[in-house]
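A short write-up of the structure that comes next.
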Amino acid sequence: MVVETDLVVVGAGPAGTSAALAAANAGLGVILIDEAREAGGQVYRAPARTLKASTKTRDRDAVVGVRLRAALDRSSVRFERGLRVWSIGERFRTDTAGPEGVRTFKAPRLIAAGGAFERTVPFPGWTLPGVMGLAAATILLKSEAMLPGRRVVIAGCGPLLAAVAAKVSGGGGDVAAVIDMASRRQWASVMLQLATRFNLLREGAGWVLGLARRRVPIHFASTIRRIDEADGLLSVEIGPVDGKGRARPGRSSLINDVDAVAVGHGLVPGVEITRLAGAAHTYDRLRGGWVPVLDAMGRTTIEGLYAAGDGCGIRGALSAATAGTLAGLAAAGDAGALDPDTLASKSEPQLKEAARLDRFSAAVSDLLALRPGQVADIAPDTVVCRCEDVRRADIDAAIADGAADVNQLKHFTRCGMGPCQGRMCGDVVGELVALHAGSREAAGAWTPRPPLRPVPLADLIGSYSYNDMPIPKPVPL
């Protein structure tokens, strides 16, 4: 059965939910789809149902999440939760899979708000048990109120380092160290831009001061060089890096008796839907990688297709919500639900807010951007594609054999063909190919194809049983 509506929005994070609310308030019939059971995305993630969330909490993200979900509940938006979008077809036919089997939605307009996924630049030991992404640690802390470990190292780049470390420490965990690739000078260079959102800067300063009070060591301009495991505990070797992420000569040091490491090197926009639909994209290192070409309202180069949030470039939750509202208004205006004057009046304050937030988001994006020297330093025997166990040496050998772009490399090595479909390794693989191809544009990007996400066969079948199978009558002899 195909369900038709005016607008389909994929992704119920701050961008998608804001887009759905704006379009619904303008009079469109809106279906909002997300894999999660509750709206909010990664930043405003709802706690597990066994835990209670309240607007009385002191956590700002939790408060915003509660309010966002309450607004969604009061609206006319039809929220289809727990569904995985696995294909986008002609006229924005949206195929999903879930516990009840396959469901299809169709609309003349679609807003892609799939968010971003985490980048981890490989190093020896990054696949060991106990080593996880910063995003995974955040899910444990926010959704499950669970520590990632008893004694934890937090490493990578960006403001999330201090946020995760503060939550671990505040929750009773021992933060052995924070390892930040940015130098004190780099942080100082973006402080004026960060100050444009003083409340967020103050919150971040509070995290850092809290860590200082607990005497948590913070190593600036440093990175993890390798992790080793013995008797169920991890040993983390760290060392200094330069501004491009390349190892600097200098003495390394060891952090021993660690049971968890949370590491993340920025975010990569999720552009599966916009690329599968054939929209134009461009490579923007400061925004996380490949991003769709958009106008100020979130329109792509494909009529009826819009995009908003971190899937269009890493800008953060506040910018994502503003961009989502603009995309929802644009969809409503293009559908005729808003006349041009009303569309302009509703859009103007949102456009001003987007411009105001851009200085802050640009500073954060600079801290999160992929450092080419870090990729160039990956050792030959380090696993890059963990799904298919492809190492740096395998990638270099394939390039030497004539793999000129990432898709040829995929054919040669199976890199990017595993369950994650290249999400975990794609950005790093593109950078490795670009070392020889000359640029990320020349290195290219994975060819988009369904399924957009791995789909369990049970979800495709649903409640289908043997008795439901059509059995033809015997042919007369």
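Simple scheme: letters A, B, ... for chains in structure tokens order, numbers from 1 for residues in each chain, numbers from 1 for ligands in the order shown.
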
Which residues of segment 32-84 of chain A come within 7 Å of segment 11-24 of chain A, and for each one, what is the closest pair of atoms and their distance in Å to one decimal, counting only C-alpha atoms, sorted by chain and residue number, as a Markdown table?
| residue | atom | partner | partner_atom | distance |
| --- | --- | --- | --- | --- |
| A:Leu32 | CA | A:Ala20 | CA | 6.6 |
| A:Ile33 | CA | A:Gly11 | CA | 5.9 |
| A:Asp34 | CA | A:Gly11 | CA | 5.0 |
| A:Ala39 | CA | A:Ala12 | CA | 5.0 |
| A:Gly40 | CA | A:Gly13 | CA | 4.5 |
| A:Gly41 | CA | A:Gly13 | CA | 3.8 |
| A:Leu72 | CA | A:Leu21 | CA | 6.9 |
| A:Ser75 | CA | A:Leu21 | CA | 7.0 |
| A:Ser76 | CA | A:Ala24 | CA | 6.4 |
| A:Val77 | CA | A:Ala24 | CA | 6.2 |

Near segment 431-455 of chain A, 12 Å: segment 105-144 of chain A residue rows, closest pairs, only C-alpha atoms, as JSON lines:
{"residue": "A:Gly114", "atom": "CA", "partner": "A:Leu452", "partner_atom": "CA", "distance": 11.2}
{"residue": "A:Val121", "atom": "CA", "partner": "A:Glu431", "partner_atom": "CA", "distance": 10.5}
{"residue": "A:Pro122", "atom": "CA", "partner": "A:Leu432", "partner_atom": "CA", "distance": 11.9}

Those selected residues, please, written with C-alpha atoms and delivered as a PDB file, in the first residue's frame.
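Saved as out-v8.pdb:
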ATOM      1  CA  GLY A 114      19.286  12.777   7.628  1.00  0.00           C
ATOM      2  CA  VAL A 121      40.617   8.587  11.231  1.00  0.00           C
ATOM      3  CA  PRO A 122      42.116   5.099  11.713  1.00  0.00           C
TER       4      PRO A 122
END

Taking only C-alpha atoms into account, produce a table as JSON lines in which each residue of segment 260-318 of chain A with an atom at most 9 Å from an atom of segment 366-384 of chain A appears once, together with its shortest atom pair and the distance in Å to one decimal, ordered by chain and rising number.
{"residue": "A:His265", "atom": "CA", "partner": "A:Leu368", "partner_atom": "CA", "distance": 6.5}
{"residue": "A:Gly266", "atom": "CA", "partner": "A:Leu368", "partner_atom": "CA", "distance": 4.4}
{"residue": "A:Leu267", "atom": "CA", "partner": "A:Leu368", "partner_atom": "CA", "distance": 7.0}
{"residue": "A:Arg285", "atom": "CA", "partner": "A:Ala369", "partner_atom": "CA", "distance": 6.2}
{"residue": "A:Leu286", "atom": "CA", "partner": "A:Ala369", "partner_atom": "CA", "distance": 5.3}
{"residue": "A:Arg287", "atom": "CA", "partner": "A:Ala369", "partner_atom": "CA", "distance": 7.2}
{"residue": "A:Gly288", "atom": "CA", "partner": "A:Ala369", "partner_atom": "CA", "distance": 6.0}
{"residue": "A:Gly289", "atom": "CA", "partner": "A:Leu370", "partner_atom": "CA", "distance": 8.6}
{"residue": "A:Ile314", "atom": "CA", "partner": "A:Leu368", "partner_atom": "CA", "distance": 8.7}

To test your reading of the structure, identify every residue in segment 301-357 of chain A that backbone DSSP assigns to alpha helix (DSSP H), and report it as number ranges by chain. A: 317-334, 340-357

Considering only C-alpha atoms, return as a ChimeraX atom specification whatever protein or nucleic-acid residues lie within 10 Å of Val43 of chain A, sequence-local ones (same chain, fewer than 2 positions apart) excluded. /A:13-14,40-41,45-46,61-62,64-65,135,138-139,142,316-317

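Minimum distance to Arg275 of chain A across A:Ala335, A:Val152, A:Cys420, A:Ile88 (counting only C-alpha atoms) occurs at A:Ile88.
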